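Have a look at target29.txt; it's compact mmCIF, C-alpha atoms:
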# COMPACT_ATOMS: atom_id res chain seq x y z
CA MET A 358 -4.95 47.57 -53.34
CA ILE A 359 -6.90 47.95 -56.58
CA TYR A 360 -7.98 51.46 -55.58
CA ALA A 361 -4.37 52.31 -54.74
CA LEU A 362 -3.28 51.18 -58.20
CA ILE A 363 -6.02 53.20 -59.87
CA TYR A 364 -4.92 56.20 -57.82
CA VAL A 365 -1.31 55.74 -58.94
CA ASN A 366 -2.36 55.64 -62.56
CA PHE A 367 -4.48 58.77 -62.15
CA ALA A 368 -1.68 60.50 -60.23
CA ILE A 369 0.77 59.91 -63.03
CA LYS A 370 -1.62 61.14 -65.71
CA PHE A 371 -2.55 64.22 -63.69
CA ARG A 372 1.05 65.02 -62.79
CA VAL A 373 2.10 64.64 -66.39
CA SER A 374 -0.72 67.00 -67.43
CA LEU A 375 0.45 69.63 -64.95
CA LYS A 376 3.96 69.37 -66.39
CA ASN A 377 2.60 69.78 -69.89
CA ILE A 378 0.93 73.09 -69.00
CA GLY A 379 3.95 74.26 -67.01
CA LEU A 380 2.49 74.17 -63.50
CA ILE A 381 5.14 71.62 -62.44
CA PRO A 382 8.62 72.27 -63.83
CA ARG A 383 9.99 69.48 -66.00
CA ALA A 384 13.06 67.71 -64.64
CA GLN A 385 16.21 68.87 -66.28
CA HIS A 386 17.27 65.85 -68.26
CA TYR A 387 20.98 65.51 -68.03
CA ILE A 388 22.46 63.53 -70.84
CA VAL A 389 25.72 61.93 -69.79
CA GLN A 390 28.13 61.72 -72.66
CA SER A 391 30.22 58.63 -72.31
CA VAL A 392 33.79 58.61 -73.49
CA VAL A 393 33.70 56.85 -76.82
CA ASP A 394 34.99 53.34 -76.44
CA PRO A 395 36.03 51.85 -79.79
CA SER A 396 34.66 48.46 -78.74
CA ARG A 397 31.23 49.99 -78.06
CA GLU A 398 30.33 49.91 -81.76
CA VAL A 399 30.62 46.14 -81.56
CA SER A 400 28.86 46.12 -78.19
CA GLN A 401 25.81 47.94 -79.55
CA MET A 402 25.33 45.23 -82.16
CA SER A 403 25.38 42.70 -79.32
CA ASN A 404 21.86 43.74 -78.37
CA ILE A 405 20.61 41.63 -81.28
CA ARG A 406 20.92 37.93 -81.93
CA GLY A 407 18.89 36.69 -84.88
CA LYS A 408 15.30 37.70 -84.27
CA ALA A 409 15.82 38.51 -80.61
CA TYR A 410 16.68 41.86 -79.05
CA ALA A 411 17.99 42.20 -75.52
CA MET A 412 17.36 45.39 -73.61
CA ASN A 413 18.63 46.53 -70.20
CA VAL A 414 17.37 49.60 -68.39
CA ILE A 415 18.47 50.73 -64.95
CA THR A 416 16.70 53.50 -63.05
CA PRO A 417 17.11 54.94 -59.55
CA GLN A 418 14.30 54.94 -57.03
CA LYS A 419 14.02 56.05 -53.43
CA ARG A 420 14.43 53.21 -51.00
CA TRP A 421 11.01 53.46 -49.42
CA LYS A 422 9.38 53.17 -52.85
CA SER A 423 10.89 49.71 -53.37
CA ILE A 424 8.51 48.37 -50.71
CA ILE A 425 5.54 49.53 -52.77
CA LEU A 426 7.02 48.24 -56.02
CA ASN A 427 7.68 44.83 -54.48
CA ALA A 428 4.02 44.70 -53.47
CA ALA A 429 3.03 45.52 -57.04
CA PHE A 430 5.29 42.74 -58.33
CA LYS A 431 3.61 40.29 -55.95
CA LEU A 432 0.31 41.21 -57.56
CA LEU A 433 1.76 40.68 -61.04
CA THR A 434 2.83 37.13 -60.18
CA ILE A 435 -0.85 36.19 -60.36
CA ARG A 436 -1.09 34.60 -63.78
CA PHE A 437 -4.30 36.22 -64.98
CA THR A 438 -2.69 39.67 -64.58
CA GLN A 439 -0.16 38.57 -67.22
CA LYS A 440 -2.73 37.87 -69.91
CA ASP A 441 -2.00 41.06 -71.84
CA LEU A 442 1.73 40.26 -71.78
CA ARG A 443 1.05 36.79 -73.16
CA ASP A 444 -1.28 38.18 -75.80
CA LEU A 445 1.51 40.44 -77.08
CA SER A 446 3.42 37.22 -77.74
CA PHE A 447 6.79 38.74 -78.59
CA ILE A 448 8.57 38.70 -75.24
CA HIS A 449 10.66 35.60 -74.60
CA PHE A 450 11.57 36.62 -71.04
CA ALA A 451 11.49 39.77 -68.99
CA ARG A 452 12.56 40.48 -65.46
CA TRP A 453 12.78 43.27 -62.98
CA THR A 454 15.37 43.21 -60.23
CA ILE A 455 15.55 45.76 -57.44
CA ILE A 456 19.17 46.23 -56.41
CA PRO A 457 18.94 47.60 -52.87
CA ALA A 458 21.13 50.56 -51.96
CA ASN A 459 23.25 48.33 -49.73
CA GLY A 460 22.72 45.27 -51.92
CA PHE A 461 25.53 45.53 -54.43
CA PRO A 462 27.48 42.27 -54.08
CA LYS A 463 30.66 42.37 -52.03
CA PHE A 464 33.65 40.19 -52.70
CA SER A 465 36.76 39.88 -50.57
CA GLY A 466 39.63 41.92 -51.92
CA GLN A 467 37.40 44.82 -52.96
CA LYS A 468 38.86 48.14 -51.79
CA ASN A 469 35.56 50.02 -52.07
CA ILE A 470 32.07 48.78 -51.34
CA ASP A 471 29.09 50.43 -53.02
CA ARG A 472 26.40 51.78 -50.74
CA THR A 473 24.23 54.04 -52.82
CA ARG A 474 21.63 56.58 -51.82
CA PHE A 475 19.03 55.03 -54.13
CA ASP A 476 17.84 51.54 -54.86
CA TYR A 477 18.16 50.66 -58.53
CA LEU A 478 15.51 48.99 -60.64
CA LEU A 479 17.12 46.83 -63.32
CA PHE A 480 14.86 45.79 -66.17
CA GLU A 481 16.00 43.15 -68.67
CA SER A 482 13.98 41.91 -71.58
CA ASN A 483 14.38 39.58 -74.58
CA PHE A 484 11.89 40.28 -77.30
CA ASN A 485 11.28 40.04 -81.03
CA GLY A 486 11.18 43.02 -83.31
CA SER A 487 12.97 46.33 -83.15
CA TRP A 488 13.42 48.56 -80.13
CA ASN A 489 10.90 51.05 -81.44
CA GLU A 490 8.27 48.38 -82.14
CA TYR A 491 8.74 46.99 -78.65
CA VAL A 492 8.41 50.29 -76.84
CA ASP A 493 5.49 51.33 -79.04
CA ALA A 494 3.65 48.07 -78.36
CA PHE A 495 4.24 48.24 -74.63
CA ASN A 496 3.08 51.81 -74.59
CA ALA A 497 -0.07 51.01 -76.55
CA ALA A 498 -1.07 47.86 -74.68
CA LEU A 499 0.44 48.11 -71.21
CA ALA A 500 0.57 51.79 -70.32
CA PHE A 501 -0.98 51.20 -66.89
CA LYS A 502 1.50 48.47 -65.97
CA LEU A 503 4.43 50.54 -67.23
CA ASN A 504 3.32 53.35 -64.95
CA LEU A 505 2.80 50.92 -62.10
CA VAL A 506 6.38 49.71 -62.35
CA TRP A 507 8.29 52.87 -63.30
CA TYR A 508 6.26 55.50 -61.45
CA TRP A 509 8.61 54.95 -58.50
CA SER A 510 11.75 55.68 -60.52
CA GLU A 511 13.20 59.14 -60.30
CA ASN A 512 11.99 61.67 -62.87
CA PHE A 513 9.91 59.10 -64.75
CA PRO A 514 7.81 61.15 -67.19
CA GLY A 515 4.94 58.67 -67.42
CA SER A 516 4.34 56.17 -70.19
CA ARG A 517 2.26 58.67 -72.17
CA PRO A 518 2.94 60.70 -74.19
CA LEU A 519 5.30 58.36 -76.02
CA SER A 520 8.29 60.55 -76.92
CA PRO A 521 9.37 61.53 -73.39
CA PHE A 522 8.90 57.92 -72.35
CA LYS A 523 11.14 56.67 -75.18
CA ALA A 524 13.73 59.32 -74.33
CA TYR A 525 13.68 58.17 -70.70
CA ILE A 526 14.15 54.53 -71.62
CA GLU A 527 16.92 55.31 -74.08
CA HIS A 528 18.67 57.56 -71.56
CA ASN A 529 18.70 54.80 -68.93
CA GLN A 530 19.52 51.92 -71.25
CA LYS A 531 22.72 49.91 -70.95
CA TYR A 532 23.91 48.06 -74.03
CA ASN A 533 24.94 44.44 -73.96
CA ASP A 534 28.52 43.40 -74.42
CA TYR A 535 27.51 39.82 -75.11
CA TYR A 536 24.21 38.18 -75.96
CA TYR A 537 23.36 34.52 -76.35
CA MET A 538 20.02 33.07 -77.43
CA ALA A 539 19.43 29.31 -77.66
CA TYR A 540 17.02 29.60 -80.61
CA PRO A 541 17.89 32.90 -82.24
CA GLY A 542 16.03 32.20 -85.48
CA SER A 543 12.68 31.60 -83.79
CA THR A 544 10.29 34.13 -82.37
CA VAL A 545 7.99 33.55 -79.41
CA SER A 546 5.16 32.69 -81.81
CA ASP A 547 7.42 30.30 -83.74
CA VAL A 548 8.25 28.46 -80.51
CA LYS A 549 4.61 28.26 -79.42
CA ASN A 550 3.60 27.00 -82.85
CA ALA A 551 6.39 24.42 -82.87
CA ILE A 552 5.28 23.07 -79.50
CA SER A 553 1.68 22.81 -80.79
CA VAL A 554 2.94 20.96 -83.85
CA ALA A 555 4.87 18.49 -81.68
CA GLU A 556 1.82 17.84 -79.52
CA GLU A 557 -0.48 17.35 -82.50
CA PHE A 558 2.02 15.06 -84.20
CA ASP A 559 2.20 12.92 -81.06
CA ILE A 560 -1.58 12.51 -81.16
CA LEU A 561 -1.49 11.65 -84.86
CA ALA A 562 1.32 9.11 -84.40
CA ARG A 563 -0.83 7.25 -81.86
CA HIS A 564 -3.46 6.65 -84.57
CA VAL A 565 -1.07 4.94 -86.99
CA ASP A 566 -1.97 1.47 -85.69
CA LYS A 567 -5.71 2.16 -85.66
CA SER A 568 -8.17 1.61 -88.51
CA ASP A 569 -7.76 3.57 -91.75
CA GLU A 570 -10.96 5.47 -90.98
CA ASP A 571 -9.74 6.51 -87.54
CA PHE A 572 -6.39 7.55 -88.97
CA ASP A 573 -8.02 9.61 -91.75
CA ASP A 574 -10.17 11.47 -89.18
CA ALA A 575 -7.11 12.08 -87.02
CA TYR A 576 -5.14 13.28 -90.04
CA LEU A 577 -7.85 15.78 -91.01
CA ARG A 578 -7.95 17.14 -87.45
CA PHE A 579 -4.15 17.32 -87.52
CA LEU A 580 -4.20 19.40 -90.72
CA GLY A 581 -6.97 21.66 -89.44
CA ASN A 582 -5.21 22.36 -86.15
CA LEU A 583 -1.85 23.10 -87.76
CA GLN A 584 -2.73 25.06 -90.87
CA ASN A 585 -1.27 28.32 -89.52
CA LYS A 586 1.53 26.80 -87.45
CA ILE A 587 3.97 25.27 -89.89
CA GLY A 588 5.51 28.36 -91.48
CA SER A 589 9.27 28.17 -91.86
CA ASN A 590 11.49 29.81 -89.28
CA GLY A 591 14.96 29.35 -87.87
CA GLY A 592 16.88 31.78 -90.04
CA PRO A 593 18.43 35.05 -88.95
CA GLY A 594 15.37 37.13 -89.87
CA PRO A 595 15.22 40.74 -91.07
CA GLN A 596 17.81 43.34 -90.05
CA MET A 597 16.70 45.10 -86.91
CA SER A 598 17.78 48.22 -85.08
CA MET B 1342 10.81 32.78 -54.77
CA SER B 1343 10.90 35.42 -57.52
CA ASN B 1344 13.92 33.83 -59.16
CA TYR B 1345 11.54 31.22 -60.53
CA TYR B 1346 8.80 31.25 -63.11
CA GLY B 1347 7.38 27.76 -63.27
CA LYS B 1348 10.35 25.53 -63.98
CA PHE B 1349 12.51 28.38 -65.31
CA TYR B 1350 15.17 30.07 -63.25
CA GLY B 1351 15.99 33.74 -63.78
CA TYR B 1352 19.47 34.61 -62.56
CA THR B 1353 20.93 38.10 -62.27
CA GLY B 1354 24.43 38.56 -60.92
CA LEU B 1355 26.74 41.54 -60.47
CA PHE B 1356 30.48 40.91 -60.33
CA PRO B 1357 32.73 43.83 -59.39
CA ILE B 1358 35.44 44.30 -61.99
CA LEU B 1359 39.03 44.41 -60.79
CA ASP B 1360 40.64 47.80 -60.48
CA ASN B 1361 43.05 48.75 -63.22
CA ASN B 1362 46.74 48.43 -62.52
CA GLU B 1363 49.96 49.11 -64.39
CA SER B 1364 49.69 46.03 -66.56
CA HIS B 1365 45.93 45.60 -66.99
CA ASN B 1366 43.00 47.79 -67.87
CA HIS B 1367 40.45 45.21 -66.83
CA LEU B 1368 37.41 47.15 -68.01
CA THR B 1369 38.68 47.56 -71.56
CA GLU B 1370 40.10 44.06 -71.72
CA LEU B 1371 36.82 42.61 -70.50
CA ARG B 1372 34.79 44.52 -73.08
CA SER B 1373 37.16 43.34 -75.76
CA LEU B 1374 36.92 39.74 -74.56
CA LEU B 1375 33.12 39.80 -74.44
CA SER B 1376 32.88 41.21 -77.93
CA THR B 1377 34.79 38.22 -79.29
CA LEU B 1378 33.37 35.48 -77.03
CA PRO B 1379 31.51 32.93 -79.19
CA ASP B 1380 27.76 33.38 -78.94
CA SER B 1381 26.36 30.62 -81.13
CA GLU B 1382 26.55 26.80 -81.25
CA GLY B 1383 29.30 25.44 -79.07
CA SER B 1384 29.62 28.60 -76.99
CA LEU B 1385 29.81 28.67 -73.21
CA PHE B 1386 26.06 28.79 -72.62
CA SER B 1387 25.25 26.57 -75.59
CA ARG B 1388 27.35 23.77 -74.12
CA SER B 1389 25.46 23.89 -70.85
CA GLY B 1390 22.34 22.61 -72.61
CA LEU B 1391 20.16 24.44 -70.09
CA VAL B 1392 20.32 28.13 -70.94
CA HIS B 1393 17.55 29.71 -73.01
CA GLY B 1394 19.07 33.18 -73.02
CA ALA B 1395 22.06 34.92 -71.42
CA ARG B 1396 23.79 38.26 -71.60
CA PHE B 1397 26.73 40.08 -70.19
CA PHE B 1398 26.85 43.84 -69.94
CA ILE B 1399 29.12 46.18 -68.07
CA LEU B 1400 27.56 48.54 -65.56
CA ASP B 1401 30.32 51.12 -65.35
CA ASP B 1402 28.14 53.63 -63.54
CA VAL B 1403 24.54 54.48 -62.80
CA VAL B 1404 22.74 57.03 -64.93
CA TYR B 1405 21.98 60.53 -63.67
CA ASN B 1406 18.42 61.56 -64.43
CA GLY B 1407 18.70 65.22 -63.65
CA HIS B 1408 17.41 67.72 -61.10
CA PRO B 1409 16.01 67.43 -58.49
CA THR B 1410 17.53 63.94 -58.06
CA PRO B 1411 20.97 64.15 -56.45
CA GLU B 1412 23.82 62.82 -58.54
CA GLU B 1413 25.63 59.71 -57.40
CA HIS B 1414 28.19 57.33 -58.83
CA LEU B 1415 29.30 53.78 -58.30
CA LYS B 1416 32.72 53.15 -56.82
CA ASN B 1417 33.06 49.92 -58.77
CA ALA B 1418 32.25 48.88 -62.29
CA TYR B 1419 30.27 45.63 -62.46
CA LEU B 1420 29.98 42.83 -64.93
CA VAL B 1421 26.28 41.98 -65.01
CA LEU B 1422 25.26 38.47 -65.97
CA SER B 1423 21.66 37.63 -66.65
CA MET B 1424 20.44 34.13 -67.60
CA THR B 1425 17.18 32.27 -68.01
CA PHE B 1426 17.64 28.53 -67.77
CA ASP B 1427 16.05 25.22 -66.84
CA GLY B 1428 16.51 23.70 -63.43
CA GLU B 1429 18.56 24.88 -60.50
CA LEU B 1430 21.67 27.00 -60.09
CA GLU B 1431 23.68 24.05 -58.78
CA GLN B 1432 23.02 22.06 -61.92
CA LEU B 1433 24.02 24.96 -64.16
CA ALA B 1434 27.21 25.52 -62.18
CA GLN B 1435 28.13 21.87 -62.68
CA ARG B 1436 27.54 22.13 -66.42
CA ILE B 1437 29.52 25.37 -66.74
CA SER B 1438 32.34 23.85 -64.76
CA ALA B 1439 32.37 20.62 -66.76
CA LEU B 1440 31.82 22.04 -70.24
CA GLY B 1441 32.67 25.72 -70.29
CA GLU B 1442 35.22 26.32 -67.60
CA SER B 1443 37.91 27.93 -69.75
CA ASP B 1444 35.57 30.60 -71.17
CA TRP B 1445 34.07 31.21 -67.74
CA ASP B 1446 37.51 31.57 -66.17
CA LYS B 1447 38.64 34.00 -68.89
CA VAL B 1448 35.66 36.26 -68.16
CA MET B 1449 35.85 36.00 -64.38
CA ALA B 1450 39.61 36.62 -64.40
CA HIS B 1451 38.71 40.30 -64.77
CA CYS B 1452 36.39 40.30 -61.75
CA HIS B 1453 36.75 39.90 -58.03
CA SER B 1454 36.22 36.25 -57.31
CA VAL B 1455 35.82 33.73 -54.54
CA SER B 1456 38.52 31.53 -53.11
CA ASP B 1457 39.48 28.73 -55.49
CA THR B 1458 40.43 26.20 -52.86
CA LYS B 1459 37.28 24.22 -53.58
CA ARG B 1460 36.45 21.92 -56.47
CA PRO B 1461 35.81 23.74 -59.75
CA HIS B 1462 32.02 23.44 -59.86
CA GLU B 1463 31.81 24.59 -56.26
CA VAL B 1464 33.90 27.63 -57.18
CA VAL B 1465 31.56 28.45 -60.06
CA LEU B 1466 28.51 27.95 -57.85
CA GLU B 1467 29.91 30.10 -55.06
CA GLN B 1468 30.84 32.82 -57.56
CA LEU B 1469 27.31 32.79 -58.95
CA ARG B 1470 25.74 32.86 -55.49
CA LYS B 1471 27.96 35.62 -54.16
CA GLY B 1472 27.18 37.87 -57.10
CA GLN B 1473 23.49 37.08 -57.21
CA VAL B 1474 20.77 39.67 -56.76
CA THR B 1475 17.29 38.24 -56.20
CA THR B 1476 14.94 38.81 -59.10
CA SER B 1477 11.86 40.80 -58.07
CA PHE B 1478 9.64 39.62 -60.90
CA LEU B 1479 10.35 37.17 -63.69
CA TYR B 1480 8.16 36.56 -66.70
CA VAL B 1481 8.76 33.79 -69.26
CA ASP B 1482 6.52 33.21 -72.25
CA ALA B 1483 7.35 29.53 -72.68
CA ASP B 1484 6.26 26.18 -71.29
CA LYS B 1485 8.86 23.65 -72.29
CA ASN B 1486 12.46 23.09 -71.35
CA LEU B 1487 15.26 23.77 -73.81
CA GLU B 1488 15.55 20.23 -75.13
CA SER B 1489 11.83 19.96 -75.84
CA THR B 1490 11.77 23.38 -77.44
CA LEU B 1491 14.62 22.61 -79.82
CA LYS B 1492 13.16 19.22 -80.70
CA SER B 1493 9.79 20.83 -81.42
CA LEU B 1494 11.40 23.42 -83.70
CA LEU B 1495 13.12 20.64 -85.64
CA LEU B 1496 9.94 18.58 -85.85
CA GLN B 1497 7.97 21.59 -87.07
CA ARG B 1498 9.92 21.83 -90.32
CA LYS B 1499 9.80 18.04 -90.83
CA VAL B 1500 6.04 18.03 -90.35
CA ALA B 1501 5.74 20.69 -93.05
CA ASP B 1502 7.68 18.38 -95.39
CA LEU B 1503 5.50 15.43 -94.39
CA ILE B 1504 2.29 17.31 -95.19
CA ALA B 1505 3.68 18.34 -98.57
CA ASN B 1506 4.72 14.77 -99.38
CA ALA B 1507 1.40 13.34 -98.15
CA GLN B 1508 -0.70 15.37 -100.56
CA GLY B 1509 -2.62 13.00 -102.82
CA ALA B 1510 -1.19 9.96 -101.03
CA SER B 1511 -3.30 7.01 -99.89
CA THR B 1512 -4.08 6.35 -96.24
CA ILE B 1513 -1.51 3.53 -96.09
CA GLU B 1514 1.16 5.77 -97.60
CA ARG B 1515 0.36 8.51 -95.09
CA LYS B 1516 0.57 6.05 -92.22
CA THR B 1517 3.99 5.00 -93.46
CA LEU B 1518 5.18 8.60 -93.69
CA VAL B 1519 4.00 9.33 -90.15
CA LYS B 1520 5.62 6.15 -88.78
CA GLU B 1521 8.90 6.97 -90.48
CA LEU B 1522 8.91 10.53 -89.18
CA ALA B 1523 8.09 9.39 -85.63
CA GLU B 1524 11.00 6.94 -85.78
CA GLN B 1525 13.30 9.57 -87.29
CA ILE B 1526 12.49 12.05 -84.52
CA LYS B 1527 13.20 9.44 -81.85
CA GLN B 1528 16.65 8.76 -83.30
CA CYS B 1529 17.74 12.21 -84.40
CA GLU B 1530 20.06 14.49 -82.51
CA ILE B 1531 18.62 17.55 -80.88
CA PRO B 1532 19.81 20.71 -82.65
CA THR B 1533 22.70 22.39 -80.87
CA PRO B 1534 21.45 25.36 -78.87
CA GLY B 1535 22.53 28.77 -80.08
CA GLY B 1536 22.44 28.11 -83.80
CA PHE B 1537 20.12 29.03 -86.61
CA ILE B 1538 18.11 26.02 -87.72
CA SER B 1539 18.04 26.25 -91.49
CA ASN B 1540 15.80 24.33 -93.91
Write the structure described by the file as structure tokens, please.
Amino acid sequence: MIYALIYVNFAIKFRVSLKNIGLIPRAQHYIVQSVVDPSREVSQMSNIRGKAYAMNVITPQKRWKSIILNAAFKLLTIRFTQKDLRDLSFIHFARWTIIPANGFPKFSGQKNIDRTRFDYLLFESNFNGSWNEYVDAFNAALAFKLNLVWYWSENFPGSRPLSPFKAYIEHNQKYNDYYYMAYPGSTVSDVKNAISVAEEFDILARHVDKSDEDFDDAYLRFLGNLQNKIGSNGGPGPQMS
Amino acid sequence: MSNYYGKFYGYTGLFPILDNNESHNHLTELRSLLSTLPDSEGSLFSRSGLVHGARFFILDDVVYNGHPTPEEHLKNAYLVLSMTFDGELEQLAQRISALGESDWDKVMAHCHSVSDTKRPHEVVLEQLRKGQVTTSFLYVDADKNLESTLKSLLLQRKVADLIANAQGASTIERKTLVKELAEQIKQCEIPTPGGFISN
């Protein structure tokens, strides 16, 4: 499995190189111009709530490739493979959902049922920072995993170089019409710090009935452990795009 | 199951939007409704007390990525709902039904829905289940449920105040400050989800 993943990564890099020198023709990117919907101006702002940005990307992939992608996702459920994601520390939640070609929900009363030629990979993410910062950071730190997930999507240009990758994501992005965040003024780091503070305070509170010496030691440890975790947060944060 | 990450549940649902008729352009009306639906304290998802994050977006069609991929289009437009919350779907459906039914009904009035011969929370649950697509991979960078998270965020700013006030204080005075804060935190209300917590 590991060798297969290394092969995939090499295949993408090599294929991208051949495109760059013209041996493989680039896909003709077809930009669909939507009819301007007056409410869309408001909708685009609904990608942001406080310090959180919500992104949705939907890409087509051939049905047989979903089997391989599902296997890759199984591998990614192993926690140690997520270390680099955790280290980035700006993604509240992220998910990938494969909508099978015959898997669009069906309700009674529907005149037409969707059965598509392709499966669709729906990616949804809540993160802190701007769209550009997010894509840049992913590209810099997780290029291999990006390739592993999106290699199977049609006409994916590879995660490097950056510009075609950004164009691909932007082209396939769907904007939110509504976005709710339970703690919009707090980033992922703010939340982690707050939880640390709560845990440390609990420990300190248990020393209140002990001797003054014990309490003083506990208080010093409390200060030392929290010195970079009590910055203020909770407000709307800087303007993002 | 991939819908879960630890104790968090990641829900994705697609609800086909009703076809337009002479009196209603459901797609436009739904977009308009969503753009004005409250999204802060006291909103639909805020009242549930379980939802960390939620979004609605309209999938009016799939995106064409160019040659050599063949072009295809959806026959229906879909309202996509994505949520990350604590607990199970049944519990969330009960909360939505009990505390947010009118907003939920307004949104779902523009979509194909299930039979409403059952009790309200069973209708909400069946609607959620029928529209659900199983998540392939969910990642959540959090450990605590919503209540604990909000309480921790509130405590964080109070601890900062405590440390400031405790500077130069004696051990007994510090003990008193810590006792008072511990008591205060036990009694205080948890911040309402969805709002900005200001100083």
- Query: Neighbours of region 1410-1419 of chain B within 8 Å (only C-alpha atoms; same-chain residues fewer than 6 positions away dropped), as a ChimeraX atom specification?
  - Reply: /A:469-471,473-474,511-512 /B:1355-1358,1368,1399-1403
- Using only C-alpha atoms, pick whichever of B:Thr1377, B:Ser1477, B:Asn1506, B:Ser1511 has the shortest atom-to-atom distance to chain A. B:Ser1477
- Show which residues sit within 12 Å of Lys1485 (chain B), as a VMD selection string. Count all atoms listed in the file, and ignore same-chain residues fewer than 3 positions away. (chain A and resid 548 to 549 551 to 553 555 to 556) or (chain B and resid 1346 to 1349 1391 1393 1426 to 1428 1481 to 1482 1488 to 1494)
Which residues, protein or nucleic acid, reach to within 12 Å of (35.4, 26.3, -67.9) in the file's coordinates when using only C-alpha atoms, and can you give that as a PDB file with C-alpha atoms, in the coordinates of the input?
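Dumped to part.pdb:
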ATOM      1  CA  SER B1384      29.620  28.600 -76.990  1.00  0.00           C
ATOM      2  CA  LEU B1385      29.810  28.670 -73.210  1.00  0.00           C
ATOM      3  CA  PHE B1386      26.060  28.790 -72.620  1.00  0.00           C
ATOM      4  CA  ARG B1388      27.350  23.770 -74.120  1.00  0.00           C
ATOM      5  CA  SER B1389      25.460  23.890 -70.850  1.00  0.00           C
ATOM      6  CA  ALA B1434      27.210  25.520 -62.180  1.00  0.00           C
ATOM      7  CA  GLN B1435      28.130  21.870 -62.680  1.00  0.00           C
ATOM      8  CA  ARG B1436      27.540  22.130 -66.420  1.00  0.00           C
ATOM      9  CA  ILE B1437      29.520  25.370 -66.740  1.00  0.00           C
ATOM     10  CA  SER B1438      32.340  23.850 -64.760  1.00  0.00           C
ATOM     11  CA  ALA B1439      32.370  20.620 -66.760  1.00  0.00           C
ATOM     12  CA  LEU B1440      31.820  22.040 -70.240  1.00  0.00           C
ATOM     13  CA  GLY B1441      32.670  25.720 -70.290  1.00  0.00           C
ATOM     14  CA  GLU B1442      35.220  26.320 -67.600  1.00  0.00           C
ATOM     15  CA  SER B1443      37.910  27.930 -69.750  1.00  0.00           C
ATOM     16  CA  ASP B1444      35.570  30.600 -71.170  1.00  0.00           C
ATOM     17  CA  TRP B1445      34.070  31.210 -67.740  1.00  0.00           C
ATOM     18  CA  ASP B1446      37.510  31.570 -66.170  1.00  0.00           C
ATOM     19  CA  LYS B1447      38.640  34.000 -68.890  1.00  0.00           C
ATOM     20  CA  VAL B1448      35.660  36.260 -68.160  1.00  0.00           C
ATOM     21  CA  MET B1449      35.850  36.000 -64.380  1.00  0.00           C
ATOM     22  CA  ALA B1450      39.610  36.620 -64.400  1.00  0.00           C
ATOM     23  CA  PRO B1461      35.810  23.740 -59.750  1.00  0.00           C
ATOM     24  CA  HIS B1462      32.020  23.440 -59.860  1.00  0.00           C
ATOM     25  CA  VAL B1464      33.900  27.630 -57.180  1.00  0.00           C
ATOM     26  CA  VAL B1465      31.560  28.450 -60.060  1.00  0.00           C
TER      27      VAL B1465
END
- How many Å separate CA of Thr544 (chain A) from CA of Ser446 (chain A)?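 Pair CA of Thr544 (chain A) / CA of Ser446 (chain A) returns 8.8 Å.
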Counting only C-alpha atoms, which residues come within 10 Å of (29.8, 46.3, -70.3), with the point read in the file's coordinates, and could you list them as a compact mmCIF listing (two decimals) with C-alpha atoms, in the coordinates of the input?
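So the final result, stored in out-v4.txt, reads:
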# COMPACT_ATOMS: atom_id res chain seq x y z
CA SER A 396 34.66 48.46 -78.74
CA ARG A 397 31.23 49.99 -78.06
CA SER A 400 28.86 46.12 -78.19
CA LYS A 531 22.72 49.91 -70.95
CA TYR A 532 23.91 48.06 -74.03
CA ASN A 533 24.94 44.44 -73.96
CA ASP A 534 28.52 43.40 -74.42
CA TYR A 535 27.51 39.82 -75.11
CA LEU B 1368 37.41 47.15 -68.01
CA THR B 1369 38.68 47.56 -71.56
CA LEU B 1371 36.82 42.61 -70.50
CA ARG B 1372 34.79 44.52 -73.08
CA SER B 1373 37.16 43.34 -75.76
CA LEU B 1375 33.12 39.80 -74.44
CA SER B 1376 32.88 41.21 -77.93
CA PHE B 1397 26.73 40.08 -70.19
CA PHE B 1398 26.85 43.84 -69.94
CA ILE B 1399 29.12 46.18 -68.07
CA LEU B 1400 27.56 48.54 -65.56
CA ASP B 1401 30.32 51.12 -65.35
CA ALA B 1418 32.25 48.88 -62.29
CA TYR B 1419 30.27 45.63 -62.46
CA LEU B 1420 29.98 42.83 -64.93
CA VAL B 1421 26.28 41.98 -65.01
For region 456-489 of chain A versus region 403-427 of chain A, which residues have an atom no more than 12 Å away, and what is each residue's nearest atom pair and distance in Å rounded to one decimal, using only C-alpha atoms, chain-then-number order, as a tab-separated table?
residue	atom	partner	partner_atom	distance
A:Ile456	CA	A:Ser423	CA	9.5
A:Pro457	CA	A:Arg420	CA	7.4
A:Ala458	CA	A:Arg420	CA	7.3
A:Asn459	CA	A:Arg420	CA	10.2
A:Gly460	CA	A:Arg420	CA	11.5
A:Thr473	CA	A:Pro417	CA	9.8
A:Arg474	CA	A:Lys419	CA	7.8
A:Phe475	CA	A:Lys419	CA	5.2
A:Asp476	CA	A:Gln418	CA	5.4
A:Tyr477	CA	A:Pro417	CA	4.5
A:Leu478	CA	A:Thr416	CA	5.3
A:Leu479	CA	A:Ile415	CA	4.4
A:Phe480	CA	A:Val414	CA	5.1
A:Glu481	CA	A:Asn413	CA	4.5
A:Ser482	CA	A:Met412	CA	5.3
A:Asn483	CA	A:Ala411	CA	4.6
A:Phe484	CA	A:Tyr410	CA	5.3
A:Asn485	CA	A:Ala409	CA	4.8
A:Gly486	CA	A:Lys408	CA	6.8
A:Ser487	CA	A:Tyr410	CA	7.1
A:Trp488	CA	A:Tyr410	CA	7.5
A:Asn489	CA	A:Tyr410	CA	11.1
- Message: Could you check the closest approach to Arg452 (chain A) for each of B:Thr1512, B:Thr1475, B:Ser1456, B:Asn1406 and tell me which residue wins, using all atoms listed in the file?
- Response: B:Thr1475
